[in-house]
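Here the structure comes first, spelled out in structure tokens, and everything after it is commentary.
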Amino acid sequence: MAKLSLFTLVSLLFIVTNVSIWSLDAQIIPPARYDGFLYGNRHGHGHADTILIEAFFDPVCIDSRDSWPPLKQALQYYGSRTSLVLHLLPLPYHDNAYVASRALHIANNLNSSSTFPLLELFFKHQEKFYNAQTHNLSRVAVVKEIVDFASSAIGNSYYSAIQSGFNNRKTDLQTRVSFKFSASRGVHGTPTFFINGFVVPDAGSPVDYKGWRKLIDPLINAKRSRDGETMHLLL
């Protein structure tokens with residue numbers, strides 16, 4: 001039997017070690033729960049009585065920011081007939097997107113009612129976290145800035161918990177899962193929207209309020225017609 005060289009043994013050890021690491025990392029996929037933040041007190045994913053909208057946002061993306069107000073207006077108009085699940089996709093060319101997305105996961109863990117207010121705060125003061133504005137700041141300085149920023153939305157009493165959240169492996173994994181989930185759905189830009197599992201055309205462009213009405217009204221009418229037909233058959 002041929003003897004293995006030292007180089008071969010080292011190479012095999014390297015492969016086995018990395019496979020083990022990849023296996024451990026792969027254990028978080030699929031996650032224990034469906035990815036995303038549910039907007040408001042509504043039915044979530046898989047509920048037959050609502051039209052499900054899924055939005056993929058980057059908290060420091062200008063188009064994500066611009067698309068939120070008309071989507072929010074549409075959600076308010078349709079009420080319980082629609083539901084929204086927000087997924088985070090931190091784009092790699094936005095330097096601070098991952099840290100901002102992680103802050104949203106931390107907020108959701110601490111107080112789920114603060115998640116969307118924090119998102120809106122990021123949108124309102126988005127320019128603070130653009131690449132050019134933070135070019136001369138270290139990663140540590142950016143995280144501190146976002147901890148200070150997030151505590152104003154979640155509550156100053158949560159400051160230490162928010163700070164600790166950035167040292168918690170769990171919040172890092174949650175943010176990675178969101179990114180991997182987006183990739184698994186074929187999403188590579190923000191904003192991207194799905195309605196009842198189907199991608200909305202022109203992904204990556206904001207949809208205005210009239211656009212949402214044009215997309216959802218026919219679905220509402222079709223649902224009414226179907227329910228009416230069912231009722232008629234039962235009479």
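Naming scheme: A, B, ... for chains in displayed order of the structure tokens; residues 1 onward per chain; ligands 1 onward as shown.
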Shell around region 172-182 of chain A at 8 Å using only C-alpha atoms, local window under 3 positions removed, as a JSON list (two decimals) with all heavy atoms, in the first residue's frame:
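Wrote result_19.json, looks like this:
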```json
[["chain", "number", "residue", "atom", "x", "y", "z"],
["A", 28, "ILE", "N", -27.68, 26.15, 9.91],
["A", 28, "ILE", "CA", -28.62, 27.25, 10.11],
["A", 28, "ILE", "C", -29.56, 27.39, 8.91],
["A", 28, "ILE", "O", -30.44, 28.23, 8.91],
["A", 28, "ILE", "CB", -27.89, 28.58, 10.37],
["A", 28, "ILE", "CG1", -27.07, 29.02, 9.14],
["A", 28, "ILE", "CG2", -27.01, 28.49, 11.58],
["A", 28, "ILE", "CD1", -26.51, 30.42, 9.25],
["A", 29, "ILE", "N", -29.35, 26.58, 7.87],
["A", 29, "ILE", "CA", -30.20, 26.61, 6.69],
["A", 29, "ILE", "C", -30.87, 25.24, 6.55],
["A", 29, "ILE", "O", -30.19, 24.25, 6.39],
["A", 29, "ILE", "CB", -29.40, 26.92, 5.42],
["A", 29, "ILE", "CG1", -28.65, 28.25, 5.57],
["A", 29, "ILE", "CG2", -30.29, 26.96, 4.20],
["A", 29, "ILE", "CD1", -29.52, 29.47, 5.71],
["A", 31, "PRO", "N", -33.66, 27.81, 8.50],
["A", 31, "PRO", "CA", -33.77, 28.30, 9.87],
["A", 31, "PRO", "C", -34.99, 27.72, 10.57],
["A", 31, "PRO", "O", -35.84, 27.10, 9.94],
["A", 31, "PRO", "CB", -33.91, 29.82, 9.69],
["A", 31, "PRO", "CG", -34.55, 29.96, 8.34],
["A", 31, "PRO", "CD", -34.00, 28.84, 7.50],
["A", 35, "ASP", "N", -38.00, 33.38, 7.42],
["A", 35, "ASP", "CA", -37.26, 34.63, 7.49],
["A", 35, "ASP", "C", -38.19, 35.83, 7.34],
["A", 35, "ASP", "O", -39.19, 35.78, 6.63],
["A", 35, "ASP", "CB", -36.20, 34.68, 6.38],
["A", 35, "ASP", "CG", -35.42, 35.98, 6.39],
["A", 35, "ASP", "OD1", -34.54, 36.13, 7.24],
["A", 35, "ASP", "OD2", -35.73, 36.87, 5.55],
["A", 36, "GLY", "N", -37.82, 36.91, 8.00],
["A", 36, "GLY", "CA", -38.50, 38.17, 7.76],
["A", 36, "GLY", "C", -39.23, 38.71, 8.97],
["A", 36, "GLY", "O", -39.45, 38.03, 9.98],
["A", 56, "PHE", "N", -38.08, 42.98, -0.16],
["A", 56, "PHE", "CA", -36.66, 42.81, 0.12],
["A", 56, "PHE", "C", -36.03, 44.19, 0.12],
["A", 56, "PHE", "O", -35.97, 44.85, -0.92],
["A", 56, "PHE", "CB", -36.02, 41.90, -0.93],
["A", 56, "PHE", "CG", -36.49, 40.47, -0.87],
["A", 56, "PHE", "CD1", -37.71, 40.10, -1.41],
["A", 56, "PHE", "CD2", -35.71, 39.50, -0.25],
["A", 56, "PHE", "CE1", -38.15, 38.78, -1.34],
["A", 56, "PHE", "CE2", -36.14, 38.17, -0.19],
["A", 56, "PHE", "CZ", -37.36, 37.82, -0.73],
["A", 87, "HIS", "N", -38.00, 41.30, 4.26],
["A", 87, "HIS", "CA", -36.73, 40.58, 4.29],
["A", 87, "HIS", "C", -35.60, 41.59, 4.08],
["A", 87, "HIS", "O", -35.74, 42.54, 3.30],
["A", 87, "HIS", "CB", -36.67, 39.53, 3.17],
["A", 87, "HIS", "CG", -37.80, 38.56, 3.18],
["A", 87, "HIS", "ND1", -37.91, 37.54, 4.10],
["A", 87, "HIS", "CD2", -38.89, 38.45, 2.36],
["A", 87, "HIS", "CE1", -39.01, 36.84, 3.86],
["A", 87, "HIS", "NE2", -39.62, 37.37, 2.81],
["A", 88, "LEU", "N", -34.49, 41.36, 4.75],
["A", 88, "LEU", "CA", -33.35, 42.27, 4.63],
["A", 88, "LEU", "C", -32.31, 41.67, 3.69],
["A", 88, "LEU", "O", -31.91, 40.52, 3.84],
["A", 88, "LEU", "CB", -32.72, 42.51, 6.00],
["A", 88, "LEU", "CG", -33.61, 43.24, 7.01],
["A", 88, "LEU", "CD1", -32.91, 43.32, 8.35],
["A", 88, "LEU", "CD2", -33.96, 44.65, 6.51],
["A", 89, "LEU", "N", -31.88, 42.48, 2.75],
["A", 89, "LEU", "CA", -30.81, 42.10, 1.83],
["A", 89, "LEU", "C", -29.74, 43.18, 1.86],
["A", 89, "LEU", "O", -29.82, 44.17, 1.11],
["A", 89, "LEU", "CB", -31.35, 41.91, 0.41],
["A", 89, "LEU", "CG", -30.30, 41.65, -0.68],
["A", 89, "LEU", "CD1", -29.43, 40.44, -0.34],
["A", 89, "LEU", "CD2", -30.95, 41.47, -2.04],
["A", 90, "PRO", "N", -28.75, 43.06, 2.75],
["A", 90, "PRO", "CA", -27.68, 44.07, 2.79],
["A", 90, "PRO", "C", -26.77, 43.93, 1.58],
["A", 90, "PRO", "O", -26.03, 42.95, 1.45],
["A", 90, "PRO", "CB", -26.94, 43.74, 4.10],
["A", 90, "PRO", "CG", -27.24, 42.30, 4.36],
["A", 90, "PRO", "CD", -28.60, 42.02, 3.78],
["A", 98, "TYR", "N", -24.83, 45.84, 6.17],
["A", 98, "TYR", "CA", -24.87, 44.64, 7.01],
["A", 98, "TYR", "C", -25.03, 45.02, 8.48],
["A", 98, "TYR", "O", -25.82, 44.41, 9.21],
["A", 98, "TYR", "CB", -23.60, 43.81, 6.82],
["A", 98, "TYR", "CG", -23.69, 42.45, 7.45],
["A", 98, "TYR", "CD1", -24.25, 41.37, 6.77],
["A", 98, "TYR", "CD2", -23.21, 42.22, 8.75],
["A", 98, "TYR", "CE1", -24.35, 40.12, 7.36],
["A", 98, "TYR", "CE2", -23.30, 40.97, 9.34],
["A", 98, "TYR", "CZ", -23.87, 39.92, 8.63],
["A", 98, "TYR", "OH", -23.97, 38.70, 9.24],
["A", 101, "SER", "N", -28.55, 46.21, 9.02],
["A", 101, "SER", "CA", -29.48, 45.06, 9.01],
["A", 101, "SER", "C", -29.37, 44.28, 10.31],
["A", 101, "SER", "O", -30.39, 43.83, 10.86],
["A", 101, "SER", "CB", -29.16, 44.14, 7.82],
["A", 101, "SER", "OG", -29.39, 44.80, 6.59],
["A", 102, "ARG", "N", -28.17, 44.13, 10.81],
["A", 102, "ARG", "CA", -27.99, 43.43, 12.08],
["A", 102, "ARG", "C", -28.67, 44.20, 13.21],
["A", 102, "ARG", "O", -29.26, 43.60, 14.12],
["A", 102, "ARG", "CB", -26.50, 43.25, 12.36],
["A", 102, "ARG", "CG", -26.20, 42.29, 13.50],
["A", 102, "ARG", "CD", -24.72, 41.96, 13.56],
["A", 102, "ARG", "NE", -24.43, 41.10, 14.69],
["A", 102, "ARG", "CZ", -23.21, 40.69, 15.02],
["A", 102, "ARG", "NH1", -22.18, 41.06, 14.28],
["A", 102, "ARG", "NH2", -23.03, 39.92, 16.08],
["A", 105, "HIS", "N", -32.27, 43.27, 13.28],
["A", 105, "HIS", "CA", -32.49, 41.98, 13.91],
["A", 105, "HIS", "C", -32.39, 42.09, 15.43],
["A", 105, "HIS", "O", -33.19, 41.49, 16.17],
["A", 105, "HIS", "CB", -31.47, 40.95, 13.40],
["A", 105, "HIS", "CG", -31.82, 40.36, 12.08],
["A", 105, "HIS", "ND1", -32.84, 39.44, 11.93],
["A", 105, "HIS", "CD2", -31.29, 40.55, 10.84],
["A", 105, "HIS", "CE1", -32.93, 39.08, 10.66],
["A", 105, "HIS", "NE2", -32.00, 39.74, 9.98],
["A", 166, "PHE", "N", -24.44, 43.16, 19.25],
["A", 166, "PHE", "CA", -23.41, 43.13, 18.21],
["A", 166, "PHE", "C", -22.26, 42.18, 18.56],
["A", 166, "PHE", "O", -21.41, 41.91, 17.71],
["A", 166, "PHE", "CB", -22.88, 44.54, 17.93],
["A", 166, "PHE", "CG", -23.78, 45.34, 17.04],
["A", 166, "PHE", "CD1", -24.64, 46.29, 17.56],
["A", 166, "PHE", "CD2", -23.77, 45.14, 15.67],
["A", 166, "PHE", "CE1", -25.48, 47.02, 16.74],
["A", 166, "PHE", "CE2", -24.61, 45.87, 14.83],
["A", 166, "PHE", "CZ", -25.46, 46.81, 15.37],
["A", 168, "ASN", "N", -23.13, 39.22, 19.90],
["A", 168, "ASN", "CA", -23.88, 37.97, 20.00],
["A", 168, "ASN", "C", -23.87, 37.26, 18.65],
["A", 168, "ASN", "O", -24.33, 37.81, 17.66],
["A", 168, "ASN", "CB", -25.32, 38.26, 20.45],
["A", 168, "ASN", "CG", -26.11, 37.01, 20.75],
["A", 168, "ASN", "OD1", -25.80, 35.92, 20.25],
["A", 168, "ASN", "ND2", -27.13, 37.15, 21.57],
["A", 169, "ARG", "N", -23.36, 36.06, 18.63],
["A", 169, "ARG", "CA", -23.27, 35.28, 17.39],
["A", 169, "ARG", "C", -24.65, 35.08, 16.76],
["A", 169, "ARG", "O", -24.79, 35.01, 15.53],
["A", 169, "ARG", "CB", -22.62, 33.93, 17.71],
["A", 169, "ARG", "CG", -22.59, 32.93, 16.57],
["A", 169, "ARG", "CD", -21.67, 33.34, 15.46],
["A", 169, "ARG", "NE", -21.49, 32.27, 14.50],
["A", 169, "ARG", "CZ", -21.02, 32.45, 13.28],
["A", 169, "ARG", "NH1", -20.69, 33.65, 12.87],
["A", 169, "ARG", "NH2", -20.86, 31.42, 12.45],
["A", 185, "ARG", "N", -34.06, 32.95, -3.15],
["A", 185, "ARG", "CA", -35.23, 33.40, -3.92],
["A", 185, "ARG", "C", -34.83, 34.07, -5.22],
["A", 185, "ARG", "O", -35.69, 34.57, -5.95],
["A", 185, "ARG", "CB", -36.07, 34.37, -3.07],
["A", 185, "ARG", "CG", -36.67, 33.78, -1.81],
["A", 185, "ARG", "CD", -37.82, 32.84, -2.06],
["A", 185, "ARG", "NE", -38.96, 33.52, -2.64],
["A", 185, "ARG", "CZ", -39.91, 34.14, -1.91],
["A", 185, "ARG", "NH1", -39.82, 34.16, -0.58],
["A", 185, "ARG", "NH2", -40.92, 34.72, -2.51],
["A", 186, "GLY", "N", -33.54, 34.13, -5.50],
["A", 186, "GLY", "CA", -33.07, 34.75, -6.73],
["A", 186, "GLY", "C", -33.07, 36.26, -6.69],
["A", 186, "GLY", "O", -33.01, 36.92, -7.74],
["A", 187, "VAL", "N", -33.09, 36.84, -5.50],
["A", 187, "VAL", "CA", -33.12, 38.29, -5.35],
["A", 187, "VAL", "C", -31.69, 38.82, -5.26],
["A", 187, "VAL", "O", -30.89, 38.33, -4.46],
["A", 187, "VAL", "CB", -33.92, 38.70, -4.09],
["A", 187, "VAL", "CG1", -33.91, 40.22, -3.93],
["A", 187, "VAL", "CG2", -35.34, 38.19, -4.17],
["A", 188, "HIS", "N", -31.38, 39.81, -6.07],
["A", 188, "HIS", "CA", -30.02, 40.36, -6.08],
["A", 188, "HIS", "C", -30.02, 41.88, -6.04],
["A", 188, "HIS", "O", -28.96, 42.50, -6.14],
["A", 188, "HIS", "CB", -29.26, 39.89, -7.32],
["A", 188, "HIS", "CG", -29.98, 40.14, -8.61],
["A", 188, "HIS", "ND1", -29.97, 41.38, -9.22],
["A", 188, "HIS", "CD2", -30.73, 39.33, -9.39],
["A", 188, "HIS", "CE1", -30.69, 41.31, -10.32],
["A", 188, "HIS", "NE2", -31.16, 40.08, -10.46]]
```
Nearby residues (only C-alpha atoms) at most 12 Å from Ile216 (chain A), same-chain spacing under 5 positions excluded, as a PyMOL selection string | chain A and resi 50-53+71+74-75+77-78+81-83+194-196+200+209-211+221-223
Which residues in region 69-103 of chain A does DSSP call strand (DSSP E)? List them as a list in words.
-> Thr82, Ser83, Leu84, Val85, Leu86, His87 and Leu88 of chain A
N, CA, C and O atoms of the current selection, written as an mmCIF file, in the first residue's frame:
```cif
data_model
loop_
_atom_site.group_PDB
_atom_site.id
_atom_site.type_symbol
_atom_site.label_atom_id
_atom_site.label_comp_id
_atom_site.auth_asym_id
_atom_site.auth_seq_id
_atom_site.Cartn_x
_atom_site.Cartn_y
_atom_site.Cartn_z
ATOM 1 N N THR A 82 -54.385 42.351 3.282
ATOM 2 C CA THR A 82 -52.995 42.148 2.865
ATOM 3 C C THR A 82 -52.107 41.951 4.089
ATOM 4 O O THR A 82 -52.451 42.360 5.199
ATOM 5 N N SER A 83 -50.991 41.326 3.875
ATOM 6 C CA SER A 83 -49.969 41.226 4.922
ATOM 7 C C SER A 83 -48.606 41.440 4.266
ATOM 8 O O SER A 83 -48.432 41.231 3.064
ATOM 9 N N LEU A 84 -47.662 41.884 5.086
ATOM 10 C CA LEU A 84 -46.311 42.171 4.590
ATOM 11 C C LEU A 84 -45.282 41.445 5.432
ATOM 12 O O LEU A 84 -45.325 41.502 6.667
ATOM 13 N N VAL A 85 -44.358 40.775 4.771
ATOM 14 C CA VAL A 85 -43.163 40.237 5.416
ATOM 15 C C VAL A 85 -41.963 40.943 4.795
ATOM 16 O O VAL A 85 -41.797 40.931 3.568
ATOM 17 N N LEU A 86 -41.180 41.577 5.648
ATOM 18 C CA LEU A 86 -39.991 42.306 5.195
ATOM 19 C C LEU A 86 -38.751 41.429 5.344
ATOM 20 O O LEU A 86 -38.487 40.888 6.427
ATOM 21 N N HIS A 87 -37.999 41.296 4.262
ATOM 22 C CA HIS A 87 -36.728 40.578 4.287
ATOM 23 C C HIS A 87 -35.596 41.585 4.079
ATOM 24 O O HIS A 87 -35.740 42.536 3.305
ATOM 25 N N LEU A 88 -34.494 41.362 4.749
ATOM 26 C CA LEU A 88 -33.350 42.265 4.628
ATOM 27 C C LEU A 88 -32.307 41.670 3.690
ATOM 28 O O LEU A 88 -31.906 40.517 3.841
#
```
Find the distance between CA of Ile162 (chain A) and CA of Asn96 (chain A) and write it in Å to one decimal.
-> 16.7 Å
Record the distance separating CA of Asp66 (chain A) and CA of Asp148 (chain A), expressed in Å with one decimal.
->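 Those two atoms sit 24.3 Å apart.
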Which residues, written as a ChimeraX atom specification, have at least one atom at most 12 Å from Asp202 (chain A), with only C-alpha atoms counted and residues fewer than 6 positions away on the same chain left out?
-> /A:189-194,211
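Between CA of His135 (chain A) and CA of Gln163 (chain A) the interatomic distance comes to 22.1 Å.
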Residue nearest Val140 (chain A) - candidates A:Ile106, A:Ala32, A:Val99, A:Ala153, atoms counted: only C-alpha atoms = A:Val99
Minimum-distance residue to Val199 (chain A), chosen among A:Lys144, A:Glu54, A:Tyr130, A:Trp68 (using only C-alpha atoms) | A:Glu54
